[in-house]
$ cat final-v4.txt   # compact mmCIF, C-alpha atoms and all ligand atoms
# COMPACT_ATOMS: atom_id res chain seq x y z
CA MET V 1 -114.29 89.68 131.51
CA ILE V 2 -113.80 92.02 128.62
CA LEU V 3 -116.15 94.76 127.41
CA VAL V 4 -116.62 94.89 123.65
CA THR V 5 -118.46 97.85 122.11
CA GLY V 6 -120.11 97.48 118.70
CA GLY V 7 -120.10 93.70 119.07
CA ALA V 8 -123.23 93.20 116.95
CA GLY V 9 -121.63 94.76 113.85
CA PHE V 10 -119.54 93.06 111.18
CA ILE V 11 -116.09 92.93 112.80
CA GLY V 12 -117.34 93.11 116.40
CA SER V 13 -119.59 90.05 116.03
CA ASN V 14 -116.82 88.08 114.33
CA PHE V 15 -114.52 89.09 117.19
CA VAL V 16 -116.97 88.02 119.92
CA LEU V 17 -117.64 84.67 118.22
CA ASP V 18 -113.90 84.02 117.73
CA TRP V 19 -113.09 85.09 121.29
CA LEU V 20 -115.61 82.73 122.88
CA ALA V 21 -114.57 79.90 120.55
CA GLN V 22 -111.04 80.18 121.95
CA SER V 23 -111.52 81.27 125.55
CA ASP V 24 -113.97 81.03 128.39
CA GLU V 25 -113.41 84.62 129.46
CA PRO V 26 -116.87 86.25 129.32
CA VAL V 27 -117.74 89.14 127.01
CA LEU V 28 -119.96 92.08 127.91
CA ASN V 29 -121.23 93.36 124.56
CA LEU V 30 -122.50 96.96 124.41
CA ASP V 31 -124.10 97.85 121.08
CA LYS V 32 -126.63 100.51 120.12
CA LEU V 33 -128.08 98.28 117.38
CA THR V 34 -128.04 100.90 114.63
CA TYR V 35 -128.94 99.74 111.10
CA ALA V 36 -125.50 98.03 111.06
CA GLY V 37 -125.94 96.10 114.31
CA ASN V 38 -127.68 92.75 114.18
CA ARG V 39 -128.38 90.40 117.12
CA ARG V 40 -128.74 87.60 114.59
CA ASN V 41 -124.97 87.74 114.00
CA LEU V 42 -124.66 86.44 117.57
CA ALA V 43 -127.38 83.77 117.35
CA ALA V 44 -124.80 81.02 117.98
CA LEU V 45 -124.34 82.46 121.49
CA GLU V 46 -128.04 82.24 122.42
CA GLY V 47 -128.23 80.89 125.99
CA ASP V 48 -124.43 81.07 126.44
CA ALA V 49 -123.82 82.62 129.89
CA ARG V 50 -120.37 83.82 128.81
CA HIS V 51 -121.99 86.44 126.55
CA VAL V 52 -123.91 89.34 128.11
CA PHE V 53 -125.57 91.64 125.58
CA VAL V 54 -126.63 95.20 126.46
CA GLN V 55 -128.31 97.49 123.96
CA GLY V 56 -126.94 101.00 124.53
CA ASP V 57 -124.81 103.88 123.33
CA ILE V 58 -121.09 104.33 124.05
CA GLY V 59 -121.98 108.01 124.49
CA ASP V 60 -124.34 107.23 127.40
CA SER V 61 -121.88 108.01 130.20
CA GLY V 62 -124.21 106.88 132.99
CA LEU V 63 -124.89 103.51 131.39
CA VAL V 64 -121.22 102.87 130.61
CA ALA V 65 -120.14 103.84 134.14
CA ARG V 66 -122.78 101.50 135.61
CA LEU V 67 -121.70 98.61 133.38
CA LEU V 68 -118.04 99.13 134.25
CA ALA V 69 -118.77 99.24 138.00
CA GLU V 70 -121.01 96.17 137.86
CA HIS V 71 -118.91 93.93 135.58
CA ARG V 72 -115.36 95.21 136.28
CA PRO V 73 -113.88 94.26 132.87
CA ARG V 74 -110.09 93.96 132.63
CA ALA V 75 -110.19 95.52 129.15
CA VAL V 76 -112.44 97.60 126.91
CA LEU V 77 -112.29 97.04 123.13
CA ASN V 78 -113.94 99.82 121.15
CA PHE V 79 -115.35 98.60 117.83
CA ALA V 80 -118.47 100.82 117.96
CA ALA V 81 -118.58 103.34 115.12
CA GLU V 82 -120.43 104.61 112.13
CA SER V 83 -118.35 102.89 109.47
CA HIS V 84 -119.60 103.56 105.92
CA VAL V 85 -117.83 106.29 103.92
CA ASP V 86 -120.75 106.85 101.49
CA ARG V 87 -123.17 107.41 104.38
CA SER V 88 -120.77 109.93 105.90
CA ILE V 89 -120.89 111.87 102.62
CA HIS V 90 -124.70 111.99 102.71
CA GLY V 91 -124.68 113.10 106.37
CA ALA V 92 -121.89 113.25 108.93
CA GLU V 93 -123.86 114.02 112.11
CA ASP V 94 -123.99 110.41 113.39
CA PHE V 95 -120.28 110.01 112.58
CA VAL V 96 -119.36 113.02 114.70
CA GLN V 97 -121.68 111.90 117.50
CA THR V 98 -120.56 108.29 117.76
CA ASN V 99 -117.00 108.31 116.48
CA ILE V 100 -115.89 111.52 118.18
CA VAL V 101 -118.29 112.43 121.01
CA GLY V 102 -119.03 108.78 121.77
CA THR V 103 -115.36 107.84 121.94
CA PHE V 104 -114.68 110.87 124.18
CA ARG V 105 -117.45 109.89 126.61
CA LEU V 106 -116.35 106.26 126.58
CA LEU V 107 -112.76 107.31 127.35
CA GLU V 108 -113.92 109.46 130.24
CA ALA V 109 -116.10 106.71 131.73
CA VAL V 110 -113.28 104.19 131.32
CA ARG V 111 -110.77 106.59 132.90
CA GLY V 112 -113.03 106.95 135.95
CA HIS V 113 -113.30 103.17 136.28
CA TRP V 114 -109.57 102.65 135.74
CA LEU V 115 -108.61 105.21 138.40
CA ASP V 116 -110.73 103.36 140.98
CA LEU V 117 -109.13 99.99 140.34
CA PRO V 118 -106.69 98.46 142.84
CA GLU V 119 -103.09 98.97 141.70
CA ALA V 120 -102.47 95.52 140.18
CA GLU V 121 -105.73 95.65 138.19
CA ARG V 122 -105.00 99.21 137.11
CA ALA V 123 -101.60 98.16 135.78
CA ALA V 124 -103.09 95.25 133.83
CA PHE V 125 -106.06 97.21 132.41
CA ARG V 126 -106.20 98.00 128.66
CA PHE V 127 -108.34 100.20 126.39
CA LEU V 128 -108.01 98.95 122.81
CA HIS V 129 -109.31 101.27 120.08
CA VAL V 130 -110.14 99.68 116.73
CA SER V 131 -109.35 102.12 113.94
CA THR V 132 -108.72 102.25 110.22
CA ASP V 133 -106.01 102.85 107.61
CA GLU V 134 -108.25 105.56 106.09
CA VAL V 135 -106.93 108.06 108.67
CA TYR V 136 -103.69 108.18 106.64
CA GLY V 137 -105.41 109.43 103.48
CA SER V 138 -104.67 108.33 99.92
CA LEU V 139 -101.41 106.91 98.48
CA ALA V 140 -99.88 107.62 95.07
CA PRO V 141 -99.58 104.45 92.93
CA ASP V 142 -95.89 103.88 93.68
CA ALA V 143 -95.72 105.32 97.22
CA PRO V 144 -94.64 103.00 100.05
CA ALA V 145 -97.42 101.49 102.18
CA PHE V 146 -98.62 103.25 105.36
CA THR V 147 -96.40 102.75 108.38
CA GLU V 148 -97.41 103.83 111.89
CA GLN V 149 -95.34 107.00 111.34
CA HIS V 150 -97.36 108.15 108.33
CA ALA V 151 -98.99 111.57 108.83
CA TYR V 152 -102.74 111.63 109.40
CA GLU V 153 -104.46 113.06 106.27
CA PRO V 154 -108.09 111.93 106.46
CA ASN V 155 -110.18 112.86 103.41
CA SER V 156 -113.75 111.75 104.09
CA PRO V 157 -116.08 112.76 106.92
CA TYR V 158 -115.83 109.12 108.11
CA SER V 159 -112.03 109.03 108.15
CA ALA V 160 -111.85 112.51 109.71
CA SER V 161 -114.11 111.33 112.54
CA LYS V 162 -112.00 108.19 113.06
CA ALA V 163 -108.81 110.29 113.01
CA ALA V 164 -110.31 112.54 115.68
CA SER V 165 -111.13 109.50 117.81
CA ASP V 166 -107.56 108.19 117.43
CA HIS V 167 -106.23 111.57 118.59
CA LEU V 168 -108.49 111.51 121.65
CA VAL V 169 -107.30 108.01 122.53
CA ARG V 170 -103.67 109.10 122.14
CA ALA V 171 -104.25 112.18 124.32
CA TRP V 172 -105.95 110.17 127.07
CA HIS V 173 -102.77 108.11 127.26
CA HIS V 174 -100.28 110.96 127.12
CA THR V 175 -102.18 113.27 129.44
CA HIS V 176 -104.05 110.92 131.75
CA GLY V 177 -101.89 107.79 131.55
CA LEU V 178 -104.78 105.58 130.39
CA PRO V 179 -103.21 102.32 129.11
CA VAL V 180 -104.37 102.41 125.50
CA LEU V 181 -103.61 100.45 122.35
CA THR V 182 -104.72 101.45 118.84
CA THR V 183 -104.99 99.28 115.74
CA ASN V 184 -105.29 100.79 112.24
CA CYS V 185 -106.54 98.13 109.89
CA SER V 186 -107.17 97.89 106.16
CA ASN V 187 -110.41 96.75 104.43
CA ASN V 188 -111.97 93.67 105.98
CA TYR V 189 -114.24 91.13 104.31
CA GLY V 190 -115.96 87.93 105.46
CA PRO V 191 -119.17 86.64 107.09
CA PHE V 192 -121.76 89.11 108.46
CA HIS V 193 -120.44 91.98 106.30
CA PHE V 194 -123.34 94.37 105.76
CA PRO V 195 -124.23 94.55 102.03
CA GLU V 196 -123.68 98.29 101.72
CA LYS V 197 -119.91 97.62 101.41
CA LEU V 198 -118.22 96.58 98.14
CA ILE V 199 -117.72 92.81 98.52
CA PRO V 200 -121.07 91.79 100.06
CA LEU V 201 -122.95 94.28 97.85
CA MET V 202 -121.46 92.69 94.73
CA ILE V 203 -122.32 89.17 95.92
CA VAL V 204 -125.94 89.94 96.83
CA ASN V 205 -126.59 92.08 93.74
CA ALA V 206 -125.09 89.44 91.45
CA LEU V 207 -127.34 86.75 92.90
CA ALA V 208 -130.38 89.04 92.66
CA GLY V 209 -129.67 89.70 88.95
CA LYS V 210 -129.01 93.39 89.65
CA PRO V 211 -126.28 95.67 88.27
CA LEU V 212 -122.86 95.58 89.99
CA PRO V 213 -122.10 99.29 90.52
CA VAL V 214 -118.38 100.04 90.19
CA TYR V 215 -117.48 103.63 91.12
CA GLY V 216 -115.59 105.56 88.40
CA ASP V 217 -112.92 103.55 86.59
CA GLY V 218 -112.77 100.85 89.29
CA LEU V 219 -108.99 101.17 89.54
CA GLN V 220 -109.00 102.35 93.15
CA VAL V 221 -106.84 100.04 95.25
CA ARG V 222 -107.63 98.58 98.67
CA ASP V 223 -105.62 96.15 100.84
CA TRP V 224 -108.04 93.35 101.77
CA LEU V 225 -107.85 91.31 104.98
CA TYR V 226 -110.09 88.41 105.99
CA VAL V 227 -112.03 89.42 109.11
CA GLY V 228 -110.81 86.41 111.12
CA ASP V 229 -107.25 87.66 110.63
CA HIS V 230 -108.20 91.10 111.90
CA CYS V 231 -109.72 89.44 114.99
CA SER V 232 -106.54 87.44 115.65
CA ALA V 233 -104.47 90.63 115.30
CA ILE V 234 -106.65 92.42 117.87
CA ARG V 235 -106.38 89.49 120.29
CA ARG V 236 -102.59 89.53 119.91
CA VAL V 237 -102.32 93.31 120.41
CA LEU V 238 -104.50 93.08 123.51
CA GLU V 239 -102.33 90.28 124.85
CA ALA V 240 -98.87 91.66 124.16
CA GLY V 241 -99.06 95.13 122.55
CA ARG V 242 -96.97 97.86 124.12
CA VAL V 243 -99.12 100.42 125.94
CA GLY V 244 -99.51 103.69 124.05
CA GLU V 245 -98.46 102.13 120.73
CA THR V 246 -100.38 101.86 117.50
CA TYR V 247 -100.21 98.80 115.24
CA ASN V 248 -101.06 98.76 111.53
CA VAL V 249 -102.90 95.62 110.45
CA GLY V 250 -103.19 94.57 106.80
CA GLY V 251 -103.34 91.66 104.43
CA TRP V 252 -100.37 92.38 102.11
CA ASN V 253 -103.06 92.10 99.50
CA GLU V 254 -103.54 95.18 97.35
CA LYS V 255 -106.09 94.86 94.58
CA PRO V 256 -108.03 97.25 92.35
CA ASN V 257 -111.79 97.17 92.89
CA ILE V 258 -112.53 95.96 89.39
CA GLU V 259 -110.35 92.89 89.96
CA ILE V 260 -112.23 92.13 93.19
CA VAL V 261 -115.54 92.32 91.34
CA HIS V 262 -114.29 90.02 88.55
CA THR V 263 -113.02 87.51 91.15
CA ILE V 264 -116.45 87.45 92.83
CA CYS V 265 -118.16 86.97 89.47
CA ALA V 266 -115.83 84.09 88.56
CA LEU V 267 -116.47 82.35 91.90
CA LEU V 268 -120.23 82.72 91.50
CA ASP V 269 -119.98 81.45 87.90
CA GLU V 270 -118.39 78.31 89.36
CA LEU V 271 -120.46 77.88 92.53
CA ARG V 272 -123.90 79.11 91.41
CA PRO V 273 -123.91 79.49 87.59
CA ARG V 274 -126.53 81.77 86.08
CA ALA V 275 -129.45 79.92 84.48
CA ASP V 276 -128.74 81.57 81.10
CA GLY V 277 -125.09 80.41 81.12
CA LEU V 278 -123.75 83.98 80.95
CA SER V 279 -121.13 85.23 83.40
CA TYR V 280 -122.16 87.44 86.33
CA ALA V 281 -119.52 89.84 84.94
CA THR V 282 -122.10 90.93 82.35
CA GLN V 283 -123.89 92.68 85.26
CA ILE V 284 -120.93 95.04 85.94
CA THR V 285 -121.93 98.71 85.49
CA HIS V 286 -119.68 101.73 85.95
CA VAL V 287 -121.48 104.44 87.94
CA LYS V 288 -120.54 107.94 89.08
CA ASP V 289 -117.52 108.09 91.36
CA ARG V 290 -117.58 108.67 95.13
CA PRO V 291 -116.78 112.36 95.92
CA GLY V 292 -113.25 112.69 97.33
CA HIS V 293 -112.63 109.00 96.59
CA ASP V 294 -109.27 107.86 98.01
CA ARG V 295 -107.30 106.24 95.20
CA ARG V 296 -105.15 103.78 97.11
CA TYR V 297 -104.66 102.34 100.60
CA ALA V 298 -101.89 99.90 101.53
CA ILE V 299 -100.70 98.82 104.95
CA ASP V 300 -97.14 98.10 105.98
CA ALA V 301 -97.78 95.45 108.65
CA ARG V 302 -94.16 94.79 109.55
CA LYS V 303 -94.35 96.27 113.06
CA ILE V 304 -97.06 93.89 114.30
CA GLU V 305 -95.19 90.98 112.71
CA ARG V 306 -91.81 91.98 114.19
CA GLU V 307 -93.04 92.83 117.69
CA LEU V 308 -95.95 90.46 118.13
CA GLY V 309 -95.38 87.71 115.58
CA TRP V 310 -98.74 88.28 113.84
CA ARG V 311 -99.30 87.52 110.15
CA PRO V 312 -102.57 86.85 108.31
CA ALA V 313 -103.48 83.17 108.04
CA GLU V 314 -105.76 83.48 105.00
CA THR V 315 -104.72 84.31 101.47
CA PHE V 316 -107.18 86.36 99.43
CA GLU V 317 -107.98 83.26 97.36
CA THR V 318 -108.98 81.18 100.42
CA GLY V 319 -110.72 84.06 102.18
CA ILE V 320 -112.84 85.25 99.27
CA ARG V 321 -113.93 81.69 98.40
CA LYS V 322 -115.07 81.12 102.01
CA THR V 323 -116.85 84.47 101.97
CA VAL V 324 -118.76 83.87 98.73
CA GLN V 325 -119.74 80.41 100.01
CA TRP V 326 -120.93 81.94 103.31
CA TYR V 327 -123.29 84.30 101.46
CA LEU V 328 -124.58 81.40 99.32
CA ASP V 329 -125.27 79.43 102.51
CA HIS V 330 -126.94 82.32 104.37
CA ALA V 331 -129.63 83.60 102.03
CA ASP V 332 -131.92 84.01 105.06
CA TRP V 333 -129.44 86.39 106.75
CA VAL V 334 -129.14 88.39 103.52
CA ALA V 335 -132.93 88.61 103.12
CA GLU V 336 -133.35 89.79 106.70
CA VAL V 337 -130.80 92.61 106.50
CA GLN V 338 -132.29 93.91 103.24
CA SER V 339 -135.05 95.70 105.14
CA GLY V 340 -137.02 98.73 104.00
CA ALA V 341 -134.30 100.98 105.46
CA TYR V 342 -131.67 99.11 103.45
CA ARG V 343 -133.66 99.55 100.23
CA ALA V 344 -134.08 103.26 100.99
CA TRP V 345 -130.30 103.56 101.37
CA VAL V 346 -129.68 101.81 98.03
CA ASP V 347 -132.16 104.18 96.32
CA THR V 348 -130.47 107.24 97.85
CA GLN V 349 -126.94 106.14 97.02
CA TYR V 350 -127.37 104.65 93.55
CA GLN V 351 -130.34 106.75 92.34
CA GLY V 352 -131.91 104.06 90.20
CA ALA V 353 -128.63 102.71 88.76
CA VAL V 354 -129.02 99.55 90.89
P1 LIG A 401 -120.24 98.08 111.39
O1 LIG A 401 -120.85 99.33 110.87
O2 LIG A 401 -120.54 96.79 110.72
O3 LIG A 401 -120.65 97.89 112.93
C1 LIG A 401 -120.64 98.94 113.86
C2 LIG A 401 -121.36 98.48 115.11
O4 LIG A 401 -121.30 99.54 116.07
C3 LIG A 401 -122.85 98.16 114.88
O5 LIG A 401 -123.19 96.97 115.54
C4 LIG A 401 -123.56 99.35 115.51
O6 LIG A 401 -124.85 99.03 116.00
C5 LIG A 401 -122.61 99.72 116.62
N1 LIG A 401 -122.72 101.13 117.03
C6 LIG A 401 -122.80 102.23 116.22
N2 LIG A 401 -122.90 103.35 116.96
C7 LIG A 401 -122.87 102.95 118.26
C8 LIG A 401 -122.92 103.65 119.50
N3 LIG A 401 -123.04 104.99 119.55
N4 LIG A 401 -122.85 102.94 120.65
C9 LIG A 401 -122.76 101.59 120.61
N5 LIG A 401 -122.72 100.87 119.46
C10 LIG A 401 -122.78 101.55 118.31
O7 LIG A 401 -118.68 98.37 111.45
P2 LIG A 401 -117.46 97.34 111.24
O8 LIG A 401 -117.14 97.27 109.80
O9 LIG A 401 -117.70 96.11 112.03
O10 LIG A 401 -116.29 98.20 111.93
C11 LIG A 401 -116.00 98.06 113.32
C12 LIG A 401 -114.85 99.00 113.67
O11 LIG A 401 -113.72 98.65 112.89
C13 LIG A 401 -115.16 100.45 113.37
O12 LIG A 401 -114.60 101.23 114.40
C14 LIG A 401 -114.46 100.71 112.04
O13 LIG A 401 -114.07 102.06 111.96
C15 LIG A 401 -113.26 99.80 112.17
N6 LIG A 401 -112.68 99.29 110.91
C16 LIG A 401 -113.48 98.70 109.97
C17 LIG A 401 -112.90 98.16 108.82
C18 LIG A 401 -113.73 97.49 107.76
O14 LIG A 401 -113.19 97.15 106.70
N7 LIG A 401 -115.02 97.24 107.97
C19 LIG A 401 -111.52 98.23 108.65
C20 LIG A 401 -110.73 98.85 109.62
C21 LIG A 401 -111.34 99.36 110.76
O1 LIG A 402 -109.81 100.79 104.78
C1 LIG A 402 -110.62 100.47 105.89
C2 LIG A 402 -112.04 100.93 105.63
O2 LIG A 402 -112.58 100.06 104.64
C3 LIG A 402 -112.91 100.95 106.87
O3 LIG A 402 -112.40 101.89 107.78
C4 LIG A 402 -114.35 101.30 106.52
O4 LIG A 402 -115.17 101.20 107.68
C5 LIG A 402 -114.84 100.33 105.47
O5 LIG A 402 -116.15 100.65 105.08
C6 LIG A 402 -113.90 100.31 104.26
O6 LIG A 402 -113.98 101.58 103.54
P1 LIG A 402 -114.02 101.65 101.94
O7 LIG A 402 -114.64 102.93 101.56
O8 LIG A 402 -112.70 101.30 101.35
O9 LIG A 402 -115.00 100.38 101.70
P2 LIG A 402 -116.24 100.16 100.70
O10 LIG A 402 -116.58 98.70 100.77
O11 LIG A 402 -117.33 101.15 100.90
O12 LIG A 402 -115.58 100.44 99.28
C7 LIG A 402 -114.44 99.70 98.84
C8 LIG A 402 -114.04 100.27 97.48
O13 LIG A 402 -115.07 99.92 96.53
C9 LIG A 402 -113.94 101.78 97.45
O14 LIG A 402 -112.89 102.16 96.58
C10 LIG A 402 -115.29 102.23 96.88
C11 LIG A 402 -115.65 101.08 95.94
N1 LIG A 402 -117.10 100.84 95.78
C12 LIG A 402 -117.86 100.68 96.89
C13 LIG A 402 -119.23 100.47 96.78
C14 LIG A 402 -120.09 100.33 98.01
C15 LIG A 402 -117.64 100.70 94.50
O15 LIG A 402 -116.93 100.80 93.48
N2 LIG A 402 -118.99 100.48 94.40
C16 LIG A 402 -119.81 100.37 95.48
O16 LIG A 402 -121.05 100.20 95.29

$ encode --input "final-v4.txt" --output "structure tokens" --more "lines below"
Ligand code: NAD
Ligand code: DAU
Amino acid sequence: MILVTGGAGFIGSNFVLDWLAQSDEPVLNLDKLTYAGNRRNLAALEGDARHVFVQGDIGDSGLVARLLAEHRPRAVLNFAAESHVDRSIHGAEDFVQTNIVGTFRLLEAVRGHWLDLPEAERAAFRFLHVSTDEVYGSLAPDAPAFTEQHAYEPNSPYSASKAASDHLVRAWHHTHGLPVLTTNCSNNYGPFHFPEKLIPLMIVNALAGKPLPVYGDGLQVRDWLYVGDHCSAIRRVLEAGRVGETYNVGGWNEKPNIEIVHTICALLDELRPRADGLSYATQITHVKDRPGHDRRYAIDARKIERELGWRPAETFETGIRKTVQWYLDHADWVAEVQSGAYRAWVDTQYQGAV
């Protein structure tokens, strides 16, 4: 079996669902169930013996060691993290604890397990660390996209904590020989995306008749990848990636935020027109910018294509249409995640503008 951490979050739950749709290899899913973790994302696996869910912290060394000894996974895939940049600006403690200390403790527990394995199993074992393009910092408008050689220049507390975790993973390979793989991916979107992030926030606010808060001038650029494509990249890296290497994963799909928001509005105008006949675009509001806001990210994904033959299957047009439709079809999921804690976050972040 494989051990997935953070498998109740956005990307982790998509990964677990995709994995079990394509393979019978069981998944042990360790997730702390923070505000971002949701068992409901995994409802389709209810009663499926191939999925074992454990609520717990990657920083709980005793628990992780026990799980590793009991289940003897052939690989550990680390998705668990605090993932929202704006939250890291309001308070970075949880980011340091989970992304840095948690990754350190997980690496140590995994190293202990790996050292005890018989030689053939030790050689086949992998630790795959799921990371982000944000560790590379911000690109000038005409600068080439991030390659794996780009210097680390993290700018937010979130990206600094992810950069630290990447360095720990690298060191555990170079110093201790742990067979690691790291992926640095661009912005994902798709089903089960928590509505604190740009795309799902715009969809749910539009449908609720609320303002669509665009930070600053809205000309910041991100490179969007459909979550299913990120999952297929991770599966491919786990299968055939070279130990100790990092692989950049991206959608070849750079777009300014304001264009993303207009695309969402146009899709909603078509699929769920407003009763008054006006476009959802009339709800767009420019609000104060994010402190330290990175202007542009773009991924050069040629290495993973050249070495492993991976390319995204979705275009942005197909992926965003599916995503908007998913949110229209899952109003119950949206209602459930918009708990009191979610509303408190929106009040803190947007201070009455939304
Ligand atoms: P998410 O916030 O939706 O989910 C994170 C999950 O981790 C949640 O289920 C949460 O309960 C769990 N978790 C948090 N702290 C934990 C801990 N201490 N122990 C165990 N579980 C814990 O995040 P996501 O968007 O799914 O991102 C998953 C990973 O992918 C993260 O490492 C993130 O840095 C990385 N990443 C995300 C994106 C993106 O666009 N969302 C892009 C590139 C990389
Ligand atoms: O690049 C990969 C990263 O993408 C991941 O590592 C992070 O976990 C993930 O959250 C994401 O980070 P971003 O900060 O790019 O994503 P977010 O959805 O928060 O914001 C996308 C862009 O939209 C960014 O330029 C900020 C802007 N934005 C965001 C929100 C929430 C707005 O203009 N208004 C908003 O209300």

$ residues_around --input "final-v4.txt" --residues "stretch 100-105 of chain V" --least-positions-apart "6" --cutoff "8 Å" --atoms "all atoms listed in the file" --output "list in words"
Asp57, Ile58, Gly59, Asp60, Ser61, Ser161, Lys162, Ala164, Ser165 and Leu168 of chain V

$ residues_around --input "final-v4.txt" --residues "V:Ile304" --least-positions-apart "3" --cutoff "12 Å" --atoms "all atoms listed in the file" --output "PyMOL selection string"
chain V and resi 147-148+182-185+230+232-238+240-242+245-251+299-301+307-312

$ closest_atom_pairs --input "final-v4.txt" --of "chain V" --to "ligand LIG 402 (chain A)" --cutoff "7 Å" --atoms "only C-alpha atoms and all ligand atoms" --output "JSON lines"
{"residue": "V:Ser83", "atom": "CA", "partner": "A:LIG402", "partner_atom": "O4", "distance": 4.0}
{"residue": "V:His84", "atom": "CA", "partner": "A:LIG402", "partner_atom": "O5", "distance": 4.6}
{"residue": "V:Val85", "atom": "CA", "partner": "A:LIG402", "partner_atom": "O7", "distance": 5.2}
{"residue": "V:Asp86", "atom": "CA", "partner": "A:LIG402", "partner_atom": "O11", "distance": 6.7}
{"residue": "V:Ser131", "atom": "CA", "partner": "A:LIG402", "partner_atom": "O3", "distance": 6.9}
{"residue": "V:Thr132", "atom": "CA", "partner": "A:LIG402", "partner_atom": "O3", "distance": 4.4}
{"residue": "V:Asp133", "atom": "CA", "partner": "A:LIG402", "partner_atom": "O1", "distance": 5.2}
{"residue": "V:Glu134", "atom": "CA", "partner": "A:LIG402", "partner_atom": "O1", "distance": 5.2}
{"residue": "V:Cys185", "atom": "CA", "partner": "A:LIG402", "partner_atom": "C1", "distance": 6.2}
{"residue": "V:Ser186", "atom": "CA", "partner": "A:LIG402", "partner_atom": "O1", "distance": 4.2}
{"residue": "V:Asn187", "atom": "CA", "partner": "A:LIG402", "partner_atom": "O2", "distance": 4.0}
{"residue": "V:Asn188", "atom": "CA", "partner": "A:LIG402", "partner_atom": "O2", "distance": 6.6}
{"residue": "V:Glu196", "atom": "CA", "partner": "A:LIG402", "partner_atom": "C14", "distance": 5.6}
{"residue": "V:Lys197", "atom": "CA", "partner": "A:LIG402", "partner_atom": "O10", "distance": 3.6}
{"residue": "V:Leu198", "atom": "CA", "partner": "A:LIG402", "partner_atom": "O10", "distance": 3.8}
{"residue": "V:Ile199", "atom": "CA", "partner": "A:LIG402", "partner_atom": "O10", "distance": 6.4}
{"residue": "V:Leu201", "atom": "CA", "partner": "A:LIG402", "partner_atom": "C14", "distance": 6.7}
{"residue": "V:Pro213", "atom": "CA", "partner": "A:LIG402", "partner_atom": "O16", "distance": 5.0}
{"residue": "V:Val214", "atom": "CA", "partner": "A:LIG402", "partner_atom": "O15", "distance": 3.7}
{"residue": "V:Tyr215", "atom": "CA", "partner": "A:LIG402", "partner_atom": "O15", "distance": 3.7}
{"residue": "V:Gly218", "atom": "CA", "partner": "A:LIG402", "partner_atom": "O15", "distance": 5.9}
{"residue": "V:Gln220", "atom": "CA", "partner": "A:LIG402", "partner_atom": "O14", "distance": 5.2}
{"residue": "V:Val221", "atom": "CA", "partner": "A:LIG402", "partner_atom": "O14", "distance": 6.5}
{"residue": "V:Arg222", "atom": "CA", "partner": "A:LIG402", "partner_atom": "O8", "distance": 6.3}
{"residue": "V:Asn257", "atom": "CA", "partner": "A:LIG402", "partner_atom": "O13", "distance": 5.6}
{"residue": "V:His293", "atom": "CA", "partner": "A:LIG402", "partner_atom": "O14", "distance": 6.8}
{"residue": "V:Asp294", "atom": "CA", "partner": "A:LIG402", "partner_atom": "O14", "distance": 6.9}
{"residue": "V:Tyr297", "atom": "CA", "partner": "A:LIG402", "partner_atom": "O1", "distance": 6.8}

$ residues_near_point --input "final-v4.txt" --point "(-120.6, 81.4, 118.5)" --cutoff "7 Å" --atoms "only C-alpha atoms" --output "ChimeraX atom specification"
/V:17,20-21,42,44-45

$ residues_near_point --input "final-v4.txt" --point "(-106.7, 104.7, 127.4)" --cutoff "6 Å" --atoms "all atoms listed in the file" --output "ChimeraX atom specification"
/V:127,169,172-173,178-180

$ write_last_selection --input "final-v4.txt" --atoms "C-alpha atoms" --output "JSON list (two decimals), keeping the file's coordinate frame"
[["chain", "number", "residue", "atom", "x", "y", "z"],
["V", 127, "PHE", "CA", -108.34, 100.20, 126.39],
["V", 169, "VAL", "CA", -107.30, 108.01, 122.53],
["V", 172, "TRP", "CA", -105.95, 110.17, 127.07],
["V", 173, "HIS", "CA", -102.77, 108.11, 127.26],
["V", 178, "LEU", "CA", -104.78, 105.58, 130.39],
["V", 179, "PRO", "CA", -103.21, 102.32, 129.11],
["V", 180, "VAL", "CA", -104.37, 102.41, 125.50]]

$ residues_around --input "final-v4.txt" --residues "V:Arg343" --least-positions-apart "4" --cutoff "12 Å" --atoms "only C-alpha atoms" --output "PyMOL selection string"
chain V and resi 35+195-196+335-339+347-352+354

$ closest_residue --input "final-v4.txt" --among "V:Arg170, V:Arg87, V:Arg272, V:Arg72" --to "ligand LIG 401 (chain A)" --atoms "all atoms listed in the file"
V:Arg87

$ residues_around --input "final-v4.txt" --residues "V:Val27" --least-positions-apart "6" --cutoff "9 Å" --atoms "all atoms listed in the file" --output "JSON, numbers by chain"
{"V": [1, 2, 3, 4, 16, 19, 20, 50, 51, 52, 53, 73]}

$ atom_distance --input "final-v4.txt" --atom1 "atom CA of V:Arg126" --atom2 "atom CA of V:Val243"
8.0 Å

$ residues_around --input "final-v4.txt" --residues "stretch 135-142 of chain V" --least-positions-apart "2" --cutoff "7 Å" --atoms "all atoms listed in the file" --output "number ranges by chain"
V: 132-133, 144, 150-155, 159-160, 162-163, 294-297

$ closest_residue --input "final-v4.txt" --among "V:Gly112, V:Gly216, V:Gly228, V:Gly244" --to "ligand LIG 401 (chain A)" --atoms "all atoms listed in the file"
V:Gly228

$ atom_distance --input "final-v4.txt" --atom1 "atom CA of V:Asp166" --atom2 "atom C11 of ligand LIG 401 (chain A)"
13.8 Å

$ closest_residue --input "final-v4.txt" --among "V:Trp345, V:Gly209, V:Leu225, V:Leu128" --to "V:Leu278" --atoms "all atoms listed in the file"
V:Gly209

$ closest_residue --input "final-v4.txt" --among "V:Arg40, V:His113, V:His129, V:His90" --to "ligand LIG 401 (chain A)" --atoms "only C-alpha atoms and all ligand atoms"
V:His129
